file start.txt (compact mmCIF, C-alpha atoms)
# COMPACT_ATOMS: atom_id res chain seq x y z
CA MET D 1 92.27 -56.39 64.20
CA PHE D 2 91.02 -57.26 60.74
CA ASP D 3 92.46 -58.02 57.31
CA VAL D 4 91.25 -56.04 54.32
CA ILE D 5 91.39 -57.90 51.00
CA HIS D 6 91.90 -55.39 48.18
CA CYS D 7 90.83 -56.25 44.64
CA PRO D 8 93.29 -55.41 41.85
CA LEU D 9 90.51 -53.79 39.79
CA ARG D 10 90.37 -49.99 39.80
CA LEU D 11 87.84 -47.90 37.83
CA GLN D 12 89.09 -44.59 36.45
CA ALA D 13 87.51 -41.55 34.86
CA ASP D 14 87.05 -42.21 31.15
CA ALA D 15 86.71 -39.37 28.66
CA SER D 16 85.84 -41.80 25.87
CA ARG D 17 82.42 -42.59 27.37
CA VAL D 18 80.14 -40.09 25.66
CA VAL D 19 76.42 -39.54 25.17
CA VAL D 20 74.38 -37.18 23.01
CA ARG D 21 72.59 -34.56 25.08
CA PRO D 22 70.31 -31.61 24.27
CA PHE D 23 72.16 -28.39 23.52
CA HIS D 24 69.88 -25.73 24.97
CA ILE D 25 69.69 -22.28 23.37
CA PRO D 26 67.07 -19.78 24.59
CA ILE D 27 64.05 -19.53 22.29
CA ASP D 28 63.70 -15.77 22.99
CA ALA D 29 63.67 -13.22 20.18
CA ALA D 30 66.87 -11.28 19.47
CA PRO D 31 67.39 -7.94 21.31
CA THR D 32 67.01 -6.19 17.95
CA GLY D 33 63.50 -7.51 17.61
CA GLY D 34 64.35 -10.05 14.91
CA PRO D 35 64.18 -13.83 15.20
CA GLY D 36 66.14 -15.37 18.04
CA ARG D 37 69.10 -17.67 17.50
CA VAL D 38 67.00 -20.85 17.53
CA ARG D 39 64.64 -19.49 14.89
CA ARG D 40 67.58 -18.19 12.82
CA ILE D 41 69.29 -21.62 12.83
CA VAL D 42 66.05 -23.38 11.87
CA ASN D 43 65.35 -20.89 9.09
CA ALA D 44 68.85 -21.40 7.69
CA VAL D 45 68.22 -25.15 7.42
CA LEU D 46 64.76 -24.70 5.94
CA VAL D 47 66.04 -22.57 3.06
CA MET D 48 68.96 -24.91 2.30
CA ASP D 49 69.01 -26.73 -0.99
CA GLU D 50 68.09 -30.33 -0.25
CA ASP D 51 71.39 -31.62 -1.68
CA VAL D 52 73.29 -29.24 0.63
CA ALA D 53 71.20 -30.35 3.62
CA HIS D 54 71.90 -33.99 2.72
CA ALA D 55 75.65 -33.33 2.51
CA GLU D 56 75.68 -31.46 5.84
CA LEU D 57 73.78 -34.25 7.60
CA GLU D 58 76.12 -36.87 6.14
CA LEU D 59 79.09 -34.90 7.46
CA VAL D 60 77.58 -34.86 10.96
CA LEU D 61 76.81 -38.57 10.80
CA ARG D 62 80.30 -39.37 9.55
CA ASP D 63 81.74 -37.61 12.60
CA PHE D 64 79.35 -38.93 15.24
CA GLU D 65 77.15 -41.87 14.18
CA ALA D 66 79.77 -44.51 14.98
CA ARG D 67 80.27 -42.99 18.46
CA HIS D 68 76.63 -43.13 19.58
CA TRP D 69 73.65 -45.40 19.69
CA GLN D 70 70.66 -44.63 17.41
CA THR D 71 72.05 -41.20 16.54
CA ARG D 72 69.40 -40.42 13.92
CA ASN D 73 66.59 -41.17 16.37
CA VAL D 74 68.21 -38.86 18.93
CA PHE D 75 68.30 -36.07 16.31
CA LYS D 76 64.63 -36.72 15.47
CA SER D 77 63.67 -36.57 19.14
CA ARG D 78 65.49 -33.27 19.56
CA TYR D 79 63.85 -31.90 16.40
CA ALA D 80 60.42 -32.76 17.84
CA ALA D 81 61.14 -30.54 20.85
CA ILE D 82 62.18 -27.66 18.58
CA GLU D 83 59.13 -28.20 16.36
CA ASN D 84 56.88 -27.94 19.40
CA ALA D 85 58.64 -24.83 20.73
CA LEU D 86 58.53 -22.96 17.40
CA LYS D 87 55.17 -24.37 16.20
CA LEU D 88 56.72 -25.73 13.00
CA ASP D 89 54.77 -27.69 10.39
CA GLY D 90 56.62 -30.98 10.43
CA ASN D 91 54.64 -32.34 7.47
CA SER D 92 56.25 -29.75 5.21
CA ILE D 93 59.85 -30.36 6.35
CA PRO D 94 61.82 -33.23 4.73
CA GLU D 95 63.13 -35.98 6.99
CA GLU D 96 66.79 -35.12 6.47
CA LYS D 97 66.22 -31.45 7.30
CA GLN D 98 64.43 -32.49 10.49
CA GLN D 99 67.45 -34.59 11.50
CA LEU D 100 69.84 -31.76 10.65
CA ILE D 101 67.82 -29.30 12.74
CA GLY D 102 67.92 -31.76 15.62
CA ALA D 103 71.70 -32.11 15.26
CA PHE D 104 72.18 -28.36 15.68
CA PHE D 105 70.52 -28.60 19.09
CA CYS D 106 72.49 -31.59 20.41
CA HIS D 107 76.00 -31.92 21.72
CA GLU D 108 78.36 -34.70 22.72
CA TYR D 109 78.98 -34.93 26.47
CA SER D 110 81.71 -36.93 28.18
CA TYR D 111 79.88 -37.73 31.39
CA ALA D 112 82.82 -39.23 33.32
CA ALA D 113 85.74 -37.24 31.91
CA ALA D 114 86.60 -35.52 35.20
CA ALA D 115 85.90 -38.17 37.84
CA LEU D 116 84.22 -41.47 38.68
CA MET D 117 83.61 -41.96 42.39
CA ASN D 118 81.39 -42.65 45.41
CA PRO D 119 79.71 -45.95 44.48
CA SER D 120 76.80 -47.74 46.09
CA ILE D 121 75.86 -51.36 45.51
CA ILE D 122 72.81 -53.62 45.73
CA PRO D 123 71.98 -57.20 44.67
CA HIS D 124 70.89 -57.16 41.03
CA PRO D 125 67.19 -57.84 40.39
CA ASP D 126 68.24 -60.75 38.14
CA GLN D 127 70.01 -63.57 40.01
CA THR D 128 69.47 -66.30 37.42
CA GLY D 129 72.20 -68.50 35.96
CA LEU D 130 74.78 -68.04 38.73
CA THR D 131 77.03 -70.62 40.37
CA ASN D 132 76.55 -71.36 44.05
CA GLY D 133 78.07 -68.63 46.22
CA ALA D 134 77.95 -65.93 43.53
CA VAL D 135 75.69 -62.88 43.46
CA ARG D 136 75.04 -60.53 40.57
CA ILE D 137 75.26 -56.87 41.61
CA ALA D 138 74.21 -53.48 40.30
CA MET D 139 76.44 -50.58 41.24
CA SER D 140 75.72 -46.87 40.94
CA LEU D 141 78.55 -44.39 40.45
CA ARG D 142 78.84 -40.63 40.62
CA ALA D 143 80.19 -39.59 37.23
CA VAL D 144 81.53 -36.04 36.83
CA GLY D 145 81.92 -34.36 33.47
CA GLU D 146 82.30 -30.91 31.91
CA GLY D 147 81.32 -28.07 34.23
CA HIS D 148 81.68 -30.43 37.23
CA ILE D 149 78.15 -31.70 36.54
CA SER D 150 77.44 -34.95 38.41
CA SER D 151 75.25 -37.67 36.94
CA VAL D 152 74.45 -41.26 37.93
CA SER D 153 75.93 -44.10 35.91
CA PHE D 154 75.59 -47.84 36.48
CA ARG D 155 77.75 -50.95 36.19
CA GLU D 156 76.86 -54.61 36.61
CA GLY D 157 79.07 -57.38 37.91
CA ILE D 158 79.38 -60.61 39.90
CA VAL D 159 80.71 -61.04 43.44
CA GLY D 160 82.01 -64.44 44.50
CA PRO D 161 82.26 -67.26 45.13
CA GLY D 162 84.69 -66.09 47.76
CA PRO D 163 86.32 -62.65 47.96
CA VAL D 164 86.49 -62.05 44.20
CA PHE D 165 84.76 -59.49 42.03
CA GLU D 166 84.28 -59.29 38.28
CA LEU D 167 82.73 -56.41 36.36
CA MET D 168 80.65 -57.18 33.29
CA PRO D 169 81.88 -55.49 30.09
CA GLU D 170 80.45 -52.08 29.30
CA PRO D 171 78.36 -51.83 26.13
CA PRO D 172 80.02 -49.89 23.30
CA PHE D 173 77.51 -47.05 23.60
CA ALA D 174 76.16 -45.21 26.63
CA THR D 175 72.62 -43.85 26.54
CA ALA D 176 71.05 -41.02 28.50
CA ALA D 177 67.53 -41.03 29.90
CA ASP D 178 66.76 -37.52 28.66
CA THR D 179 62.98 -37.43 28.36
CA ALA D 180 61.28 -36.66 31.67
CA ILE D 181 57.59 -36.99 32.48
CA ASP D 182 56.39 -34.52 35.10
CA LEU D 183 54.60 -36.00 38.11
CA PRO D 184 52.79 -34.30 41.02
CA GLY D 185 54.85 -32.67 43.76
CA GLY D 186 57.81 -31.74 41.59
CA ALA D 187 58.74 -35.36 40.83
CA ILE D 188 59.76 -36.64 37.41
CA GLN D 189 59.84 -40.07 35.79
CA VAL D 190 62.53 -41.14 33.33
CA HIS D 191 62.85 -44.35 31.34
CA ARG D 192 65.82 -46.40 30.32
CA ASN D 193 65.69 -47.15 26.63
CA LYS D 194 64.15 -50.57 26.12
CA ASP D 195 67.09 -51.77 24.02
CA SER D 196 69.89 -50.51 26.30
CA SER D 197 71.54 -52.31 29.21
CA LEU D 198 71.74 -50.94 32.74
CA SER D 199 75.53 -50.68 32.42
CA GLY D 200 75.10 -48.28 29.51
CA THR D 201 72.52 -46.04 31.19
CA VAL D 202 73.21 -42.56 32.57
CA LEU D 203 70.77 -40.45 34.61
CA PHE D 204 71.40 -36.73 34.16
CA PRO D 205 70.03 -33.73 36.07
CA MET D 206 66.61 -32.92 34.64
CA THR D 207 64.98 -30.33 36.92
CA GLU D 208 65.98 -26.85 38.00
CA ALA D 209 66.80 -28.10 41.52
CA GLN D 210 69.14 -30.72 40.01
CA ARG D 211 70.72 -28.42 37.40
CA ASN D 212 74.32 -28.77 38.62
CA GLY D 213 74.23 -32.37 39.68
CA LEU D 214 72.83 -35.60 41.10
CA GLU D 215 75.38 -36.36 43.81
CA ASP D 216 76.22 -39.45 45.89
CA LEU D 217 73.32 -41.82 45.32
CA ARG D 218 72.91 -44.23 48.25
CA LEU D 219 70.98 -47.22 46.91
CA VAL D 220 69.25 -49.78 49.10
CA GLU D 221 67.02 -52.78 48.43
CA PHE D 222 63.93 -51.85 50.45
CA THR D 223 61.41 -54.46 51.59
CA HIS D 224 57.89 -53.11 52.21
CA ASP D 225 55.49 -54.42 54.84
CA ASP D 226 53.69 -56.55 52.23
CA GLY D 227 56.94 -58.25 51.23
CA SER D 228 57.34 -56.41 47.94
CA VAL D 229 60.80 -55.13 47.05
CA GLU D 230 61.72 -51.73 45.67
CA TRP D 231 65.12 -50.19 45.07
CA ILE D 232 65.33 -46.77 46.66
CA GLY D 233 68.18 -44.30 46.69
CA THR D 234 68.75 -41.00 48.43
CA TYR D 235 70.90 -38.42 46.65
CA THR D 236 71.76 -34.75 46.78
CA ALA D 237 70.24 -32.46 44.16
CA TYR D 238 72.42 -29.39 43.57
CA ASN D 239 71.44 -26.35 41.51
CA GLY D 240 74.70 -24.44 41.78
CA SER D 241 73.89 -22.62 45.00
CA ALA D 242 71.47 -24.73 47.05
CA ILE D 243 71.10 -28.42 47.90
CA ARG D 244 68.26 -30.68 48.88
CA SER D 245 67.83 -34.42 49.38
CA GLU D 246 65.73 -36.34 46.90
CA LEU D 247 64.60 -39.95 46.39
CA LEU D 248 65.19 -42.21 43.42
CA ARG D 249 62.76 -45.14 43.26
CA THR D 250 62.55 -48.06 40.84
CA SER D 251 61.00 -51.51 40.79
CA ASP D 252 62.84 -52.74 37.69
CA PHE D 253 65.78 -50.40 36.89
CA ARG D 254 63.97 -49.44 33.70
CA THR D 255 61.63 -46.77 35.00
CA PHE D 256 63.01 -44.35 37.58
CA THR D 257 61.10 -41.81 39.67
CA LEU D 258 63.11 -38.89 41.04
CA ALA D 259 61.25 -36.89 43.67
CA PRO D 260 62.07 -34.23 46.26
CA MET D 261 61.74 -35.04 49.94
CA ALA D 262 60.05 -32.67 52.38
CA GLY D 263 60.76 -31.72 55.98
CA PRO D 264 63.66 -30.09 57.83
CA ALA D 265 66.08 -33.01 57.34
CA ALA D 266 65.69 -32.87 53.56
CA ARG D 267 67.60 -29.57 53.49
CA ASN D 268 70.78 -31.54 54.20
CA LYS D 269 72.86 -34.03 52.25
CA GLY D 270 74.10 -37.52 53.06
CA MET D 271 70.86 -39.24 54.10
CA ALA D 272 70.74 -43.06 54.14
CA LEU D 273 67.56 -45.13 54.41
CA PHE D 274 67.23 -48.32 56.48
CA PRO D 275 66.24 -51.27 54.23
CA ARG D 276 62.92 -51.87 56.00
CA LYS D 277 60.62 -50.31 58.58
CA ILE D 278 61.52 -50.80 62.24
CA GLY D 279 58.76 -50.72 64.83
CA GLY D 280 56.33 -49.56 62.14
CA GLU D 281 58.45 -46.52 61.19
CA TYR D 282 60.71 -45.61 58.33
CA MET D 283 64.19 -44.72 59.58
CA MET D 284 67.01 -42.71 58.10
CA ILE D 285 70.59 -41.90 59.10
CA GLY D 286 71.42 -38.23 58.42
CA ARG D 287 73.79 -35.42 59.33
CA GLN D 288 71.56 -32.46 60.11
CA ASP D 289 74.22 -30.16 61.54
CA GLY D 290 77.13 -30.97 59.26
CA GLU D 291 79.27 -32.73 61.88
CA ASN D 292 77.23 -35.33 63.84
CA LEU D 293 75.10 -38.32 62.90
CA PHE D 294 71.37 -38.38 63.65
CA LEU D 295 68.69 -41.07 63.62
CA ILE D 296 65.51 -39.77 61.94
CA ARG D 297 62.12 -41.46 62.12
CA SER D 298 59.05 -40.90 59.93
CA ASN D 299 55.70 -42.39 59.09
CA ARG D 300 56.22 -41.23 55.48
CA ILE D 301 59.13 -42.15 53.26
CA ASP D 302 59.13 -38.72 51.59
CA HIS D 303 58.97 -36.46 54.68
CA TRP D 304 61.70 -36.24 57.31
CA GLY D 305 61.69 -34.03 60.37
CA GLU D 306 64.24 -33.43 63.11
CA GLY D 307 66.19 -36.46 64.33
CA GLU D 308 67.88 -37.52 67.54
CA LEU D 309 71.63 -37.39 68.01
CA LEU D 310 73.17 -40.80 67.36
CA LEU D 311 76.93 -40.27 67.13
CA ALA D 312 79.35 -37.38 67.64
CA PRO D 313 83.05 -37.27 66.69
CA LYS D 314 85.14 -39.10 69.28
CA PHE D 315 88.44 -40.34 67.85
CA PRO D 316 91.16 -38.23 66.16
CA TRP D 317 90.50 -39.65 62.67
CA GLU D 318 86.88 -38.37 62.81
CA GLN D 319 87.29 -35.26 64.95
CA VAL D 320 86.32 -32.70 62.27
CA GLN D 321 83.06 -34.42 61.30
CA ILE D 322 81.40 -37.78 60.78
CA GLY D 323 78.78 -39.00 58.35
CA ASN D 324 77.31 -42.22 57.01
CA CYS D 325 78.70 -44.30 54.14
CA GLY D 326 75.43 -45.75 52.93
CA SER D 327 72.41 -47.52 54.33
CA PRO D 328 72.72 -49.68 57.47
CA ILE D 329 73.29 -53.38 56.70
CA GLU D 330 71.41 -56.00 58.73
CA VAL D 331 73.71 -58.68 60.18
CA ASP D 332 73.21 -61.26 62.92
CA ALA D 333 74.52 -58.88 65.60
CA GLY D 334 72.40 -55.87 64.60
CA TRP D 335 72.70 -53.03 62.07
CA LEU D 336 76.20 -52.52 60.67
CA LEU D 337 76.61 -48.88 59.67
CA LEU D 338 79.66 -47.74 57.74
CA THR D 339 80.71 -44.20 58.63
CA HIS D 340 83.17 -41.70 57.27
CA GLY D 341 85.31 -39.52 59.48
CA VAL D 342 87.35 -36.42 58.69
CA GLY D 343 90.52 -35.82 60.68
CA ALA D 344 93.59 -33.61 60.55
CA MET D 345 94.56 -32.23 57.12
CA ARG D 346 90.97 -33.03 56.00
CA LYS D 347 91.88 -36.70 55.63
CA TYR D 348 88.85 -38.95 55.12
CA SER D 349 88.61 -42.46 56.59
CA ILE D 350 85.91 -45.15 56.64
CA GLY D 351 84.89 -46.72 59.95
CA ALA D 352 81.87 -48.60 61.29
CA VAL D 353 79.45 -48.81 64.19
CA LEU D 354 76.97 -51.48 65.27
CA LEU D 355 73.39 -50.50 66.17
CA ASP D 356 70.78 -52.52 68.02
CA ARG D 357 68.45 -54.32 65.62
CA ASP D 358 65.22 -53.41 67.41
CA ASP D 359 66.30 -50.00 68.70
CA PRO D 360 68.82 -48.44 66.29
CA SER D 361 69.21 -45.42 68.59
CA ARG D 362 71.32 -47.70 70.80
CA VAL D 363 74.96 -47.99 69.73
CA ILE D 364 76.33 -51.45 70.59
CA GLY D 365 79.85 -51.09 69.22
CA ARG D 366 82.15 -48.62 67.52
CA MET D 367 85.50 -48.88 65.76
CA THR D 368 88.32 -46.99 67.41
CA GLN D 369 90.50 -47.13 64.27
CA PRO D 370 89.51 -46.73 60.62
CA LEU D 371 88.62 -49.67 58.45
CA LEU D 372 89.97 -47.88 55.36
CA SER D 373 91.90 -44.62 55.15
CA ALA D 374 93.68 -42.63 52.48
CA ALA D 375 97.31 -43.77 52.24
CA ASP D 376 99.97 -44.31 49.59
CA GLU D 377 98.24 -45.12 46.27
CA ASP D 378 94.87 -44.04 47.69
CA ARG D 379 95.93 -40.45 48.35
CA GLU D 380 96.34 -38.75 44.97
CA GLY D 381 93.55 -37.38 42.83
CA TYR D 382 91.13 -34.54 42.22
CA VAL D 383 90.51 -34.21 45.98
CA PRO D 384 93.50 -35.85 47.72
CA ASN D 385 93.32 -37.88 50.95
CA VAL D 386 89.70 -39.03 50.55
CA VAL D 387 88.19 -42.52 50.69
CA TYR D 388 84.40 -42.61 50.57
CA THR D 389 81.60 -45.04 49.80
CA CYS D 390 77.85 -44.70 49.46
CA GLY D 391 77.06 -48.31 50.26
CA ALA D 392 78.47 -51.82 50.76
CA LEU D 393 77.11 -55.35 50.29
CA LYS D 394 76.88 -58.27 52.75
CA HIS D 395 78.10 -61.36 50.90
CA GLY D 396 78.10 -64.42 53.11
CA GLU D 397 80.41 -63.69 56.04
CA MET D 398 82.18 -60.90 54.17
CA LEU D 399 81.43 -57.24 53.54
CA PHE D 400 82.17 -56.12 49.98
CA ILE D 401 83.02 -52.41 49.86
CA PRO D 402 83.36 -50.43 46.64
CA TYR D 403 84.80 -47.03 47.53
CA GLY D 404 85.82 -43.77 45.91
CA VAL D 405 89.47 -42.73 46.01
CA ALA D 406 90.43 -39.04 46.05
CA ASP D 407 87.17 -38.13 44.26
CA SER D 408 88.80 -39.58 41.15
CA SER D 409 88.50 -43.37 40.92
CA VAL D 410 86.81 -46.41 42.47
CA ALA D 411 88.52 -49.30 44.29
CA PHE D 412 87.12 -52.50 45.83
CA ALA D 413 87.78 -54.40 49.06
CA PHE D 414 86.48 -57.32 51.16
CA VAL D 415 86.57 -57.57 54.96
CA SER D 416 85.27 -60.14 57.42
CA ILE D 417 82.12 -58.96 59.20
CA ARG D 418 83.03 -60.93 62.32
CA GLU D 419 86.49 -59.36 62.46
CA MET D 420 84.93 -55.91 62.07
CA ILE D 421 82.56 -56.47 64.96
CA ASP D 422 85.29 -57.99 67.12
CA ALA D 423 87.35 -54.84 66.58
CA MET D 424 84.60 -52.64 68.02
CA ILE D 425 84.22 -51.41 71.57
call {"tool": "encode", "arguments": {"input": "start.txt", "output": "structure tokens"}}
result
Amino acid sequence: MFDVIHCPLRLQADASRVVVRPFHIPIDAAPTGGPGRVRRIVNAVLVMDEDVAHAELELVLRDFEARHWQTRNVFKSRYAAIENALKLDGNSIPEEKQQLIGAFFCHEYSYAAAALMNPSIIPHPDQTGLTNGAVRIAMSLRAVGEGHISSVSFREGIVGPGPVFELMPEPPFATAADTAIDLPGGAIQVHRNKDSSLSGTVLFPMTEAQRNGLEDLRLVEFTHDDGSVEWIGTYTAYNGSAIRSELLRTSDFRTFTLAPMAGPAARNKGMALFPRKIGGEYMMIGRQDGENLFLIRSNRIDHWGEGELLLAPKFPWEQVQIGNCGSPIEVDAGWLLLTHGVGAMRKYSIGAVLLDRDDPSRVIGRMTQPLLSAADEDREGYVPNVVYTCGALKHGEMLFIPYGVADSSVAFAFVSIREMIDAMI
């Protein structure tokens, strides 16, 4: 068997983490034929006495400026969108009235008030200034706020030396990447503000396909054939009724491209990319039928067809369904793939299998018992009896696993890779 070393740290949902987001009101004219609500609000500000407008803006700033980063610039940015939509003459509108108009079309959003869960983890692009045996990490988290809207937030930290983990402090203000640039094929590009840290950055749904959430990002450090490195994540875009798998890509964690994937496999959730090509092909682990795991091959990273069956439920703790828990991790013995299984009473557990390094369709070993399962303090929450991760990190001879608990919080554990493999059949 194996020993799991649990870290005392636990991340919880936090209603105090807020960002300013656009408050969208339809531009359409009123049913009576008069100006629509947006035009009416703008007109009301335009006819205000300038002293009144100044006092109203000061009241807004008194309430919110200390809670947000560069609040006035956010208001100005939102005003610019309204100016463009209504064809306003910005040269004739005083600065303070522009900010006040922008404030009417913003709102404060607590992005992690309901839940913080389902992390993935990769080595941070910056590994400078560390002691021997330590690695700086970047971790993505699924943050759930009002309306059960899921977004992607980030935290930075240091693992090691040894089985220890320390999170870096969060900045006082969170910032949202709210301005999207449209790219071909339905993709968008968003930018982290140049003065903000990664730990304070939140990626929100931006397209119609993403309207109700960006769910369960599985990040991986991907090495291309030419040796260049890119960080790529698969996630589920949800619009309230339909899902599809999409790709997040970044080379610096400042500019992010979010793009839909094509092909039959992209209609499903829970896809996880191998960290490099194998035999000249991209490879993905997916669950095309909702209960089994498949190995999918492609000559394009953005198009995924039908796969071949890799694993079916076998043991009681995974009898309802199985899925992956992030991208396969390359170890000396092959590809270590964390899995999740659902058993009786819809109890989720985390297990693992070992795949052949050159032919990942060949299963070398498989755990008969879970590595982690919901029990005692890990049972209660928004969705009870769930443990779930979207990716782990190989750190020396240990596997570091951040994992979601009951769709409500995030816990952390270390386990020996050798003991895991020895426990497989």
call {"tool": "atom_distance", "arguments": {"input": "start.txt", "atom1": "CA of Leu309 (chain D)", "atom2": "CA of Met284 (chain D)"}}
result
12.2 Å
call {"tool": "residues_around", "arguments": {"input": "start.txt", "residues": "Asn73 (chain D)", "least_positions_apart": "5", "cutoff": "10 Å", "atoms": "only C-alpha atoms", "output": "list in words"}}
result
Arg78, Tyr79, Gln99 and Gly102 of chain D
call {"tool": "write_last_selection", "arguments": {"input": "start.txt", "atoms": "C-alpha atoms", "output": "short mmCIF file (atom, residue, chain, number, x, y, z; two decimals), keeping the file's coordinate frame"}}
result
data_model
loop_
_atom_site.label_atom_id
_atom_site.label_comp_id
_atom_site.auth_asym_id
_atom_site.auth_seq_id
_atom_site.Cartn_x
_atom_site.Cartn_y
_atom_site.Cartn_z
CA ARG D 78 65.49 -33.27 19.56
CA TYR D 79 63.85 -31.90 16.40
CA GLN D 99 67.45 -34.59 11.50
CA GLY D 102 67.92 -31.76 15.62
#
call {"tool": "atom_distance", "arguments": {"input": "start.txt", "atom1": "CA of Leu248 (chain D)", "atom2": "CA of Leu203 (chain D)"}}
result
10.6 Å
call {"tool": "residues_around", "arguments": {"input": "start.txt", "residues": "region 316-330 of chain D", "least_positions_apart": "3", "cutoff": "6 Å", "atoms": "all atoms listed in the file", "output": "PyMOL selection string"}}
result
chain D and resi 218+272-274+291-293+313+334-343+389-391
call {"tool": "residues_around", "arguments": {"input": "start.txt", "residues": "region 136-146 of chain D", "least_positions_apart": "4", "cutoff": "8 Å", "atoms": "all atoms listed in the file", "output": "number ranges by chain"}}
result
D: 13, 109-124, 126-127, 130, 150-159, 214-217, 219
call {"tool": "residues_around", "arguments": {"input": "start.txt", "residues": "Phe75 (chain D)", "least_positions_apart": "4", "cutoff": "9 Å", "atoms": "all atoms listed in the file", "output": "CSV table (one decimal) with C-alpha atoms, in the frame of the given file"}}
result
chain,number,residue,atom,x,y,z
D,70,GLN,CA,70.7,-44.6,17.4
D,71,THR,CA,72.0,-41.2,16.5
D,79,TYR,CA,63.8,-31.9,16.4
D,80,ALA,CA,60.4,-32.8,17.8
D,98,GLN,CA,64.4,-32.5,10.5
D,99,GLN,CA,67.4,-34.6,11.5
D,100,LEU,CA,69.8,-31.8,10.6
D,101,ILE,CA,67.8,-29.3,12.7
D,102,GLY,CA,67.9,-31.8,15.6
D,103,ALA,CA,71.7,-32.1,15.3
D,104,PHE,CA,72.2,-28.4,15.7
D,105,PHE,CA,70.5,-28.6,19.1
D,106,CYS,CA,72.5,-31.6,20.4
call {"tool": "closest_residue", "arguments": {"input": "start.txt", "among": "D:Tyr388, D:Tyr282, D:Tyr235, D:Phe412", "to": "Pro260 (chain D)", "atoms": "all atoms listed in the file"}}
result
D:Tyr235
call {"tool": "closest_residue", "arguments": {"input": "start.txt", "among": "D:Ser251, D:Ser408, D:Thr368, D:Thr201", "to": "Met420 (chain D)", "atoms": "all atoms listed in the file"}}
result
D:Thr368
call {"tool": "closest_residue", "arguments": {"input": "start.txt", "among": "D:Ile27, D:Thr223, D:Gly305, D:Thr236", "to": "Ile278 (chain D)", "atoms": "only C-alpha atoms"}}
result
D:Thr223
call {"tool": "closest_residue", "arguments": {"input": "start.txt", "among": "D:Gly200, D:Gly404, D:Gly351, D:Pro22", "to": "Leu371 (chain D)", "atoms": "only C-alpha atoms"}}
result
D:Gly351
call {"tool": "build_atoms", "arguments": {"input": "start.txt", "residues": "region 84-98 of chain D", "atoms": "N, CA and C atoms", "output": "mmCIF file, in the frame of the given file"}}
result
data_model
loop_
_atom_site.group_PDB
_atom_site.id
_atom_site.type_symbol
_atom_site.label_atom_id
_atom_site.label_comp_id
_atom_site.auth_asym_id
_atom_site.auth_seq_id
_atom_site.Cartn_x
_atom_site.Cartn_y
_atom_site.Cartn_z
ATOM 1 N N ASN D 84 57.924 -28.327 18.440
ATOM 2 C CA ASN D 84 56.880 -27.940 19.400
ATOM 3 C C ASN D 84 57.096 -26.521 19.914
ATOM 4 N N ALA D 85 58.353 -26.165 20.187
ATOM 5 C CA ALA D 85 58.640 -24.830 20.730
ATOM 6 C C ALA D 85 58.382 -23.730 19.720
ATOM 7 N N LEU D 86 58.680 -23.994 18.440
ATOM 8 C CA LEU D 86 58.530 -22.960 17.400
ATOM 9 C C LEU D 86 57.246 -23.114 16.606
ATOM 10 N N LYS D 87 56.430 -24.120 16.923
ATOM 11 C CA LYS D 87 55.170 -24.370 16.200
ATOM 12 C C LYS D 87 55.425 -24.586 14.710
ATOM 13 N N LEU D 88 56.389 -25.437 14.395
ATOM 14 C CA LEU D 88 56.720 -25.730 13.000
ATOM 15 C C LEU D 88 55.725 -26.721 12.415
ATOM 16 N N ASP D 89 55.608 -26.718 11.095
ATOM 17 C CA ASP D 89 54.770 -27.690 10.390
ATOM 18 C C ASP D 89 55.663 -28.834 9.930
ATOM 19 N N GLY D 90 55.736 -29.875 10.733
ATOM 20 C CA GLY D 90 56.620 -30.980 10.430
ATOM 21 C C GLY D 90 56.300 -31.685 9.136
ATOM 22 N N ASN D 91 55.032 -31.667 8.704
ATOM 23 C CA ASN D 91 54.640 -32.340 7.470
ATOM 24 C C ASN D 91 55.278 -31.724 6.238
ATOM 25 N N SER D 92 55.688 -30.451 6.364
ATOM 26 C CA SER D 92 56.250 -29.750 5.210
ATOM 27 C C SER D 92 57.785 -29.761 5.209
ATOM 28 N N ILE D 93 58.387 -30.380 6.215
ATOM 29 C CA ILE D 93 59.850 -30.360 6.350
ATOM 30 C C ILE D 93 60.387 -31.759 6.054
ATOM 31 N N PRO D 94 61.281 -31.909 5.072
ATOM 32 C CA PRO D 94 61.820 -33.230 4.730
ATOM 33 C C PRO D 94 62.529 -33.874 5.921
ATOM 34 N N GLU D 95 62.546 -35.197 5.907
ATOM 35 C CA GLU D 95 63.130 -35.980 6.990
ATOM 36 C C GLU D 95 64.570 -35.581 7.284
ATOM 37 N N GLU D 96 65.381 -35.421 6.239
ATOM 38 C CA GLU D 96 66.790 -35.120 6.470
ATOM 39 C C GLU D 96 66.978 -33.731 7.077
ATOM 40 N N LYS D 97 66.135 -32.789 6.696
ATOM 41 C CA LYS D 97 66.220 -31.450 7.300
ATOM 42 C C LYS D 97 65.798 -31.500 8.765
ATOM 43 N N GLN D 98 64.816 -32.342 9.088
ATOM 44 C CA GLN D 98 64.430 -32.490 10.490
ATOM 45 C C GLN D 98 65.612 -33.020 11.307
#
